[in-house]
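Since the structure comes first, as structure tokens, the remarks are kept for the end.
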Amino acid sequence: MTPPDTNLYLVGFMGTGKSTVGRQVAKHLGFQFLDSDHEIERLQGKPVSTIFAEQGEAAFRAMERDYIEHGHPASRCVVAGGGGLVVPPGMLELLQARGIVMCMHAPIETILERTRHTNHRPLLQVEDPETRLRELYAQREAVYRRTGTMVLTDRRPLREIVGHVLRLYRYESAHFKK
Ligand code: S3P
């Protein structure tokens with residue numbers, strides 16, 4: 001049997017561990033690991049927060065779409081997407097046409113804790129980040145669920161999560177039709 005080369009896309013809310021899990025999974029598969037936020041920052045030459053401040057969220061979403069459509073290799077990579085990447089209409093379908101899509105999931109309380117001491121996320125640079133997070137989480141949950149595969153990332157050792165994602169990937173990639 002030929003080893004799978006289908007891309008794997010990890011989506012999900014901020015603070016669910018997409019990059020941490022994705023980096024490890026890529027290492028096990030011998031794939032390239034790409035973080036869409038970092039790639040966009042590299043291409044634009046500025047941080048996501050500056051892109052939001054100077055050009056607005058819509059421009060950033062267009063950059064995310066462009067990155068998925070044209071900006072990365074078509075095989076042998078694990079892409080960790082920003083939390084909002086899969087949200088605009090058509091983005092989930094775009095990802096699903098290119099590879100296996102899985103959503104990393106954690107309860108809102110865990111996300112609140114994980115994001116409490118960070119300040120690089122422009123959407124949370126508001127007076128009341130908790131209310132903002134709860135609103136975004138409620139708005140987006142339906143899209144995340146539509147991925148069909150939600151992997152829980154809280155209260156589990158990283159090794160176990162990575163093993164779970166690898167098993168799901170091997171199963172799904174064996175059935176993936178380009
Ligand atoms: C965003 C999540 C961030 C980043 C940007 C917007 C979002 O990525 O893309 O700040 O809309 O949820 P992470 O999920 O890696 O924090």
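In the structure tokens, chains take the letters A, B, ... in the order shown, each chain's residues start at 1, and ligands count up from 1 in the order shown.
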
Within 9 Å of ligand 1 (only C-alpha atoms and all ligand atoms), residues as a ChimeraX atom specification
/A:11-19,35-37,48-49,52,57,60-61,64,80-85,87,115,120-124,136-137

How would the residues just picked look written out with N, CA, C and O atoms as a short mmCIF file (atom, residue, chain, number, x, y, z; two decimals), in the first residue's frame?
data_model
loop_
_atom_site.label_atom_id
_atom_site.label_comp_id
_atom_site.auth_asym_id
_atom_site.auth_seq_id
_atom_site.Cartn_x
_atom_site.Cartn_y
_atom_site.Cartn_z
N VAL A 11 -8.51 22.62 12.08
CA VAL A 11 -9.25 23.86 12.31
C VAL A 11 -9.77 23.84 13.75
O VAL A 11 -9.57 22.87 14.48
N GLY A 12 -10.45 24.91 14.14
CA GLY A 12 -11.01 24.97 15.49
C GLY A 12 -10.74 26.31 16.12
O GLY A 12 -9.97 27.12 15.60
N PHE A 13 -11.36 26.50 17.26
CA PHE A 13 -11.31 27.79 17.94
C PHE A 13 -9.90 28.12 18.42
O PHE A 13 -9.05 27.22 18.56
N MET A 14 -9.68 29.40 18.69
CA MET A 14 -8.38 29.83 19.27
C MET A 14 -8.13 29.03 20.55
O MET A 14 -9.06 28.74 21.30
N GLY A 15 -6.89 28.69 20.77
CA GLY A 15 -6.53 28.05 22.03
C GLY A 15 -6.93 26.59 22.14
O GLY A 15 -6.92 26.03 23.24
N THR A 16 -7.26 25.95 21.04
CA THR A 16 -7.63 24.52 21.13
C THR A 16 -6.43 23.61 20.85
O THR A 16 -6.57 22.39 20.90
N GLY A 17 -5.29 24.19 20.52
CA GLY A 17 -4.08 23.37 20.37
C GLY A 17 -3.77 22.93 18.95
O GLY A 17 -2.97 22.01 18.74
N LYS A 18 -4.34 23.61 17.94
CA LYS A 18 -4.14 23.22 16.54
C LYS A 18 -2.65 23.14 16.17
O LYS A 18 -2.21 22.17 15.56
N SER A 19 -1.89 24.18 16.56
CA SER A 19 -0.47 24.20 16.16
C SER A 19 0.35 23.19 16.94
O SER A 19 1.20 22.50 16.36
N ASP A 35 1.63 26.76 9.64
CA ASP A 35 0.63 27.45 10.46
C ASP A 35 0.15 28.63 9.62
O ASP A 35 0.97 29.48 9.24
N SER A 36 -1.13 28.68 9.30
CA SER A 36 -1.59 29.70 8.34
C SER A 36 -1.31 31.12 8.83
O SER A 36 -0.93 31.98 8.04
N ASP A 37 -1.47 31.36 10.14
CA ASP A 37 -1.17 32.71 10.65
C ASP A 37 0.29 33.08 10.39
O ASP A 37 0.58 34.17 9.92
N VAL A 48 -0.27 39.44 12.42
CA VAL A 48 -1.72 39.40 12.18
C VAL A 48 -2.40 40.62 12.81
O VAL A 48 -3.29 41.23 12.21
N SER A 49 -1.96 41.00 14.00
CA SER A 49 -2.60 42.14 14.69
C SER A 49 -2.45 43.43 13.86
O SER A 49 -3.38 44.23 13.79
N PHE A 52 -4.87 43.26 10.87
CA PHE A 52 -6.23 43.61 11.32
C PHE A 52 -6.34 45.13 11.50
O PHE A 52 -7.32 45.74 11.08
N GLU A 57 -10.43 43.08 9.25
CA GLU A 57 -10.61 41.63 9.30
C GLU A 57 -10.93 41.04 7.93
O GLU A 57 -10.43 39.96 7.58
N PHE A 60 -7.89 40.25 6.04
CA PHE A 60 -7.21 39.07 6.58
C PHE A 60 -7.90 37.78 6.14
O PHE A 60 -7.25 36.80 5.76
N ARG A 61 -9.24 37.79 6.13
CA ARG A 61 -9.98 36.59 5.69
C ARG A 61 -9.69 36.29 4.21
O ARG A 61 -9.62 35.11 3.81
N GLU A 64 -6.43 34.56 4.09
CA GLU A 64 -6.55 33.16 4.50
C GLU A 64 -7.08 32.32 3.34
O GLU A 64 -6.57 31.23 3.06
N ALA A 80 -2.19 24.03 10.16
CA ALA A 80 -3.00 24.49 11.29
C ALA A 80 -3.57 25.84 10.89
O ALA A 80 -2.82 26.78 10.61
N GLY A 81 -4.88 25.94 10.83
CA GLY A 81 -5.52 27.19 10.40
C GLY A 81 -5.78 28.11 11.58
O GLY A 81 -5.92 27.66 12.72
N GLY A 82 -5.89 29.40 11.31
CA GLY A 82 -6.34 30.33 12.34
C GLY A 82 -7.78 29.99 12.71
O GLY A 82 -8.50 29.35 11.93
N GLY A 83 -8.21 30.44 13.89
CA GLY A 83 -9.53 30.05 14.41
C GLY A 83 -10.70 30.44 13.53
O GLY A 83 -11.75 29.80 13.56
N GLY A 84 -10.54 31.51 12.74
CA GLY A 84 -11.66 31.97 11.93
C GLY A 84 -11.58 31.52 10.48
O GLY A 84 -12.47 31.80 9.67
N LEU A 85 -10.52 30.80 10.14
CA LEU A 85 -10.27 30.44 8.74
C LEU A 85 -11.42 29.67 8.11
O LEU A 85 -11.80 29.90 6.96
N VAL A 87 -14.53 29.70 8.94
CA VAL A 87 -15.86 30.28 9.18
C VAL A 87 -16.55 30.87 7.95
O VAL A 87 -17.74 30.61 7.73
N THR A 115 -6.29 31.43 26.86
CA THR A 115 -6.08 32.69 26.14
C THR A 115 -5.95 33.89 27.09
O THR A 115 -5.63 34.99 26.65
N HIS A 120 -1.76 38.50 21.62
CA HIS A 120 -1.48 38.64 20.18
C HIS A 120 -2.71 38.43 19.31
O HIS A 120 -2.61 38.47 18.10
N ARG A 121 -3.87 38.19 19.93
CA ARG A 121 -5.07 37.95 19.12
C ARG A 121 -5.92 39.21 19.03
O ARG A 121 -6.57 39.59 20.01
N PRO A 122 -5.96 39.84 17.84
CA PRO A 122 -6.65 41.12 17.74
C PRO A 122 -8.12 41.07 18.15
O PRO A 122 -8.64 42.03 18.71
N LEU A 123 -8.79 39.94 17.89
CA LEU A 123 -10.22 39.87 18.21
C LEU A 123 -10.47 39.90 19.72
O LEU A 123 -11.58 40.18 20.16
N LEU A 124 -9.43 39.62 20.50
CA LEU A 124 -9.61 39.62 21.96
C LEU A 124 -9.07 40.87 22.62
O LEU A 124 -9.06 40.98 23.85
N LEU A 136 -18.13 34.70 20.08
CA LEU A 136 -17.52 34.08 18.90
C LEU A 136 -17.71 32.57 18.92
O LEU A 136 -18.00 31.94 17.90
N TYR A 137 -17.53 31.99 20.08
CA TYR A 137 -17.66 30.54 20.24
C TYR A 137 -19.07 30.10 19.85
O TYR A 137 -19.26 29.14 19.10
#

Write out as a ChimeraX atom specification the residues lying within 12 Å of A:Tyr169, counting only C-alpha atoms and excluding same-chain residues fewer than 4 positions away.
/A:3-10,22,25-26,28-29,78,99-102,149,151,162-165,173-176

Just-selected residues, C-alpha atoms written as an mmCIF file, in the first residue's frame:
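The resulting file, result_3.cif, is reproduced below:
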data_model
loop_
_atom_site.group_PDB
_atom_site.id
_atom_site.type_symbol
_atom_site.label_atom_id
_atom_site.label_comp_id
_atom_site.auth_asym_id
_atom_site.auth_seq_id
_atom_site.Cartn_x
_atom_site.Cartn_y
_atom_site.Cartn_z
ATOM 1 C CA PRO A 3 1.700 5.749 2.109
ATOM 2 C CA PRO A 4 -0.861 8.564 2.226
ATOM 3 C CA ASP A 5 0.176 12.004 1.002
ATOM 4 C CA THR A 6 -3.132 13.844 1.428
ATOM 5 C CA ASN A 7 -2.953 17.145 3.273
ATOM 6 C CA LEU A 8 -4.360 17.390 6.776
ATOM 7 C CA TYR A 9 -6.085 20.599 7.894
ATOM 8 C CA LEU A 10 -6.573 21.297 11.575
ATOM 9 C CA GLY A 22 -0.281 19.748 14.142
ATOM 10 C CA VAL A 25 1.429 15.005 13.790
ATOM 11 C CA ALA A 26 3.475 16.386 10.901
ATOM 12 C CA HIS A 28 5.160 11.559 12.752
ATOM 13 C CA LEU A 29 3.937 11.620 9.154
ATOM 14 C CA VAL A 78 -0.283 19.506 7.900
ATOM 15 C CA GLY A 99 -7.610 17.142 2.189
ATOM 16 C CA ILE A 100 -8.720 15.731 5.500
ATOM 17 C CA VAL A 101 -10.242 18.267 7.868
ATOM 18 C CA MET A 102 -10.404 17.825 11.632
ATOM 19 C CA THR A 149 -14.563 15.205 13.358
ATOM 20 C CA VAL A 151 -10.960 15.877 18.636
ATOM 21 C CA VAL A 162 -1.511 13.125 18.522
ATOM 22 C CA GLY A 163 -2.056 9.345 18.396
ATOM 23 C CA HIS A 164 -5.796 9.880 17.980
ATOM 24 C CA VAL A 165 -5.332 12.384 15.137
ATOM 25 C CA SER A 173 -6.809 9.371 4.000
ATOM 26 C CA ALA A 174 -7.200 5.757 2.853
ATOM 27 C CA HIS A 175 -10.714 6.707 1.684
ATOM 28 C CA PHE A 176 -9.988 10.211 0.428
#

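Distances to A:Thr147 were evaluated for A:Lys46, A:Arg65, A:His105, A:Arg76 using only C-alpha atoms, and the minimum falls at A:His105.
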
Selected residue of minimal separation from A:Thr131 among A:His72, A:Val143, A:Ile108, A:Met150, counting only C-alpha atoms:
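Closest to A:Thr131, using only C-alpha atoms: A:Ile108.
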
How would you write, as a ChimeraX atom specification, the set of residues in stretch 63-167 of chain A that DSSP gives as helix (DSSP H, G or I)?
/A:63-70,91-98,108-115,122-124,129-146,158-167

Give the answer as one residue: which of A:Glu109, A:Asp154, A:Glu172, A:Glu54 has the shortest atom-to-atom distance to A:Val21, using only C-alpha atoms?
A:Asp154

In terms of the shortest atom-to-atom distance over only C-alpha atoms, which of A:Arg23, A:Gln96, A:Arg42, A:Pro47 is closest to A:Gly148?
A:Gln96

Would you return as a list in words the members of stretch 83-141 of chain A that DSSP assigns to strand (DSSP E or B) on this structure's backbone?
Gly99, Ile100, Val101, Met102, Cys103, Met104 and His105 of chain A

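Atom CA of A:Pro88 is found 20.0 Å from atom CA of A:Glu41.
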
Can you measure atom CA of A:Gly90 to atom CA of A:Leu34 for me? One decimal in Å is fine.
21.2 Å

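With only C-alpha atoms as the atoms that count, the minimum distance from A:Ala142 to the choices A:Lys177, A:Cys103, A:Arg114, A:Tyr171 is reached by A:Cys103.
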
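You will find atom CA of A:Leu158 at 24.7 Å from atom CA of A:Ser75.
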